[in-house]
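See below for the structure under consideration.
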Amino acid sequence: MSVLEAIIIAIVEGLTEFLPVSSTGHMIIAQSLLGVESTEFVKAFTVIIQFGAILSVIVLYWKRFFKVNSIVVFDKNAVVGLSLLRRLKVYFLRLLQKYDFYWKLFIAFVPAAVIGFLANDYVDAMLESVFVVALMLVIGGVFMLFVDKWFNKPNDNQEITWRKALRIGFFQCIAMIPGVSRSMATIVGGMTTRLSRKNAAEFSFFLAVPTMAAASGYKLMKLLTDPVRLDMLKDNLVILLIGNVVAFAVALLAIKFFIDFLTKYGFKAFGYYRIVVGVILLVLLAANVDLNVM
């Protein structure tokens with residue numbers, strides 16, 4: 001992979017990671033069109049550059065991301081006279097309340113972490129198929145044409161409870177299929193709990209941080225613990241750094257655009273875009289144009 005190819009793929013990642021169009025699918029398409037061979041490093045690169053996209057979320061939402069619930073106060077007098085077990089229970093519940101934001105992110109993260117670990121080999125196999133990406137782009141695009149009609153019914157209570165977080169977490173698992181879009185799955189999951197499009201999108205961004213960090217960290221760990229792969233990482237360290245920087249910068253712009261656009265116009269435009277891209281790819285594949293990455 002050349003530096004230019006790395007920059008192009010990183011731009012695709014930054015643009016599409018938080019849009020409901022499937023960043024993984026678009027990186028596979030970009031890789032195929034560029035003729036980049038699907039080596040172990042290239043597979044790792046497309047995951048590791050997500051660190052850059054993650055950082056963009058933390059930078060944009062740092063006030064909310066690092067804010068604890070200051071309303072909760074540990075009052076030692078309230079537990080006087082309680083048994084040790086009850087005292088521990090009180091402290092535990094108050095700890096959950098104080099770090100409520102992180103607790104709910106953890107709940108939403110768990111389903112994908114468990115299923116992703118168990119199905120890792122199957123997911124890796126699907127990552128090499130442009131056909132799967134194209135098909136899911138079309139199916140997801142058709143679905144998105146009706147999302148606003150079916151699920152855009154927010155209620156007054158916009159609090160994200162642990163039940164809502166868990167439901168969103170299970171929706172995120174659908175995005176393990178290349179072409180589905182993690183962003184689309186989690187935002188729709190939030191809207192099924194009657195969150196507004198804006199609040200569902202923002203929680204989707206927050207959830208991306210532990211999810212993408214875990215995926216990127218896992219790939220990085222595999223590189224670091226294998227002598228051959230470690231040498232490959234050392235040889236391509238500059239490319240990885242450039243990829244993350246580019247993905248970070250582009251993702252900053254993409255997030256700001258997406259929130260404004262989604263709030264005003266909804267999902268239809270993204271649905272049409274997915275259908276057009278997916279159909280073009282299916283037509284090319286039907287014409288025996290070799291788009292599958294090697």
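Identifiers for the structure tokens are assigned positionally: chains receive A, B, ... in sequence, residues are indexed from 1 per chain, and ligands are indexed from 1 in the order shown.
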For Asp156 (chain A): contacts at 12 Å, only C-alpha atoms, fewer than 3 positions along chain excluded, given as a ChimeraX atom specification | /A:153,159-160,193-196
Write the residues of the preceding selection, restricted to N, CA and C atoms, as a PDB file, in the first residue's frame.
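As written to disk, selection.pdb reads:
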ATOM      1  N   LYS A 153     -40.563   9.004  15.791  1.00  0.00           N
ATOM      2  CA  LYS A 153     -41.671   9.389  16.669  1.00  0.00           C
ATOM      3  C   LYS A 153     -41.148   9.605  18.084  1.00  0.00           C
ATOM      4  N   GLU A 159     -34.262  10.587  27.905  1.00  0.00           N
ATOM      5  CA  GLU A 159     -33.218   9.955  28.712  1.00  0.00           C
ATOM      6  C   GLU A 159     -32.890   8.572  28.154  1.00  0.00           C
ATOM      7  N   ILE A 160     -31.614   8.249  28.103  1.00  0.00           N
ATOM      8  CA  ILE A 160     -31.198   6.924  27.646  1.00  0.00           C
ATOM      9  C   ILE A 160     -31.064   6.020  28.864  1.00  0.00           C
ATOM     10  N   THR A 193     -36.411   3.260  20.252  1.00  0.00           N
ATOM     11  CA  THR A 193     -36.710   3.534  21.664  1.00  0.00           C
ATOM     12  C   THR A 193     -37.326   4.923  21.830  1.00  0.00           C
ATOM     13  N   ARG A 194     -37.646   5.557  20.676  1.00  0.00           N
ATOM     14  CA  ARG A 194     -38.298   6.868  20.618  1.00  0.00           C
ATOM     15  C   ARG A 194     -37.363   8.012  21.009  1.00  0.00           C
ATOM     16  N   LEU A 195     -36.072   7.815  20.766  1.00  0.00           N
ATOM     17  CA  LEU A 195     -35.139   8.929  20.856  1.00  0.00           C
ATOM     18  C   LEU A 195     -35.259   9.763  19.588  1.00  0.00           C
ATOM     19  N   SER A 196     -34.957  11.039  19.676  1.00  0.00           N
ATOM     20  CA  SER A 196     -34.950  11.883  18.479  1.00  0.00           C
ATOM     21  C   SER A 196     -33.776  11.478  17.592  1.00  0.00           C
TER      22      SER A 196
END
Option closest in space to Phe270 (chain A), from A:Met144, A:Ala254, A:Ala208, A:Ile168 [counting only C-alpha atoms] |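 Among the listed residues, the smallest separation from Phe270 (chain A) belongs to A:Met144.
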Please tabulate, as JSON lines, the residues of region 160-221 of chain A that come within 10 Å of region 53-69 of chain A, each with its closest pair of atoms and the distance in Å to one decimal, counting only C-alpha atoms and ordering rows by chain, then residue number upward.
{"residue": "A:Glu202", "atom": "CA", "partner": "A:Tyr61", "partner_atom": "CA", "distance": 9.1}
{"residue": "A:Phe205", "atom": "CA", "partner": "A:Val57", "partner_atom": "CA", "distance": 6.5}
{"residue": "A:Phe206", "atom": "CA", "partner": "A:Val57", "partner_atom": "CA", "distance": 7.0}
{"residue": "A:Leu207", "atom": "CA", "partner": "A:Ile54", "partner_atom": "CA", "distance": 9.8}
{"residue": "A:Ala208", "atom": "CA", "partner": "A:Ile54", "partner_atom": "CA", "distance": 7.0}
{"residue": "A:Val209", "atom": "CA", "partner": "A:Ile54", "partner_atom": "CA", "distance": 5.3}
{"residue": "A:Pro210", "atom": "CA", "partner": "A:Ile54", "partner_atom": "CA", "distance": 8.6}
{"residue": "A:Thr211", "atom": "CA", "partner": "A:Ile54", "partner_atom": "CA", "distance": 9.5}
{"residue": "A:Met212", "atom": "CA", "partner": "A:Ile54", "partner_atom": "CA", "distance": 7.1}
{"residue": "A:Ala213", "atom": "CA", "partner": "A:Ile54", "partner_atom": "CA", "distance": 7.3}
Next, dump the selected residues to file, keeping only C-alpha atoms, as a PDB file, in the first residue's frame.
ATOM      1  CA  GLU A 202     -25.042  11.444  19.224  1.00  0.00           C
ATOM      2  CA  PHE A 205     -21.123   8.510  18.067  1.00  0.00           C
ATOM      3  CA  PHE A 206     -20.396   7.936  21.756  1.00  0.00           C
ATOM      4  CA  LEU A 207     -20.895   4.180  21.390  1.00  0.00           C
ATOM      5  CA  ALA A 208     -18.463   4.176  18.471  1.00  0.00           C
ATOM      6  CA  VAL A 209     -15.629   5.038  20.857  1.00  0.00           C
ATOM      7  CA  PRO A 210     -15.496   1.814  22.930  1.00  0.00           C
ATOM      8  CA  THR A 211     -16.642  -0.327  19.974  1.00  0.00           C
ATOM      9  CA  MET A 212     -14.085   0.945  17.495  1.00  0.00           C
ATOM     10  CA  ALA A 213     -11.368   1.171  20.145  1.00  0.00           C
TER      11      ALA A 213
END
Straight-line distance linking CA of Lys222 (chain A) with CA of Tyr122 (chain A), stated in Å to one decimal |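 Taking CA of Lys222 (chain A) and CA of Tyr122 (chain A), their separation equals 17.1 Å.
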Would you mind listing what lies within 8 Å of Val188 (chain A) as a ChimeraX atom specification, with only C-alpha atoms counted and same-chain residues fewer than 5 positions away left out?
-> /A:147,151,171,200
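Distances from A:Phe18, A:Phe51, A:Phe41, A:Tyr99 to Leu223 (chain A) were compared using only C-alpha atoms, and the smallest one belongs to A:Phe41.
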Please identify all polymer residues within 7 Å of Ala108 (chain A), counting only C-alpha atoms, omitting same-chain residues fewer than 5 positions from it, and present them as a PyMOL selection string.
-> chain A and resi 165-166+168-169
Hey, can you spit out that residue selection with C-alpha atoms as a short mmCIF file (atom, residue, chain, number, x, y, z; two decimals), in the first residue's frame?
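The resulting file, part01.cif, is shown below:
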data_model
loop_
_atom_site.label_atom_id
_atom_site.label_comp_id
_atom_site.auth_asym_id
_atom_site.auth_seq_id
_atom_site.Cartn_x
_atom_site.Cartn_y
_atom_site.Cartn_z
CA ALA A 165 -28.74 1.27 25.71
CA LEU A 166 -28.94 -2.53 25.60
CA ILE A 168 -29.08 -0.10 20.75
CA GLY A 169 -26.21 -2.46 21.54
#
Could you state the separation of CA of Asn120 (chain A) and CA of Leu135 (chain A) in Å, given to one decimal place?
->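 Between these atoms lies a distance of 20.7 Å.
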Between A:Leu19, A:Ile9, A:Tyr265, A:Phe45, which has the minimum distance to Leu241 (chain A) (counting only C-alpha atoms)?
-> A:Phe45
Choose the residue, out of A:Leu15, A:Leu4, A:Lys268, A:Ile177, that has the smallest atom-to-atom separation from Phe131 (chain A); count only C-alpha atoms.
-> A:Ile177
For each of A:Cys173, A:Phe203, A:Leu220, A:Lys149, take the minimum atom-to-atom distance to Leu240 (chain A), counting only C-alpha atoms, then give the residue where this is smallest.
->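 Answer, going by the shortest atom-to-atom distance: A:Leu220.
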Distance query region 26-40 of chain A at most 10 Å, only C-alpha atoms, self and fewer than 2 positions along chain excluded, as an NGL selection string = :A and (1-2 or 5-6 or 8-13 or 15-17 or 21-24 or 42-46 or 127-130 or 133-134 or 137 or 178-179 or 181 or 219 or 223 or 229 or 232 or 277 or 281 or 290-294)
One decimal place gives the CA of Asn199 (chain A)-CA of Val123 (chain A) separation as 29.0 Å
For Met184 (chain A), which of A:Ala201, A:Ile48, A:Leu230, A:Ile115 is the closest residue, counting only C-alpha atoms?
->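 Between A:Ala201, A:Ile48, A:Leu230, A:Ile115, the residue approaching Met184 (chain A) most closely is A:Ala201.
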DSSP alpha helix (DSSP H) residues within region 103-224 of chain A, listed as a ChimeraX atom specification = /A:103-118,120-126,130-151,162-173,182-192,197-224
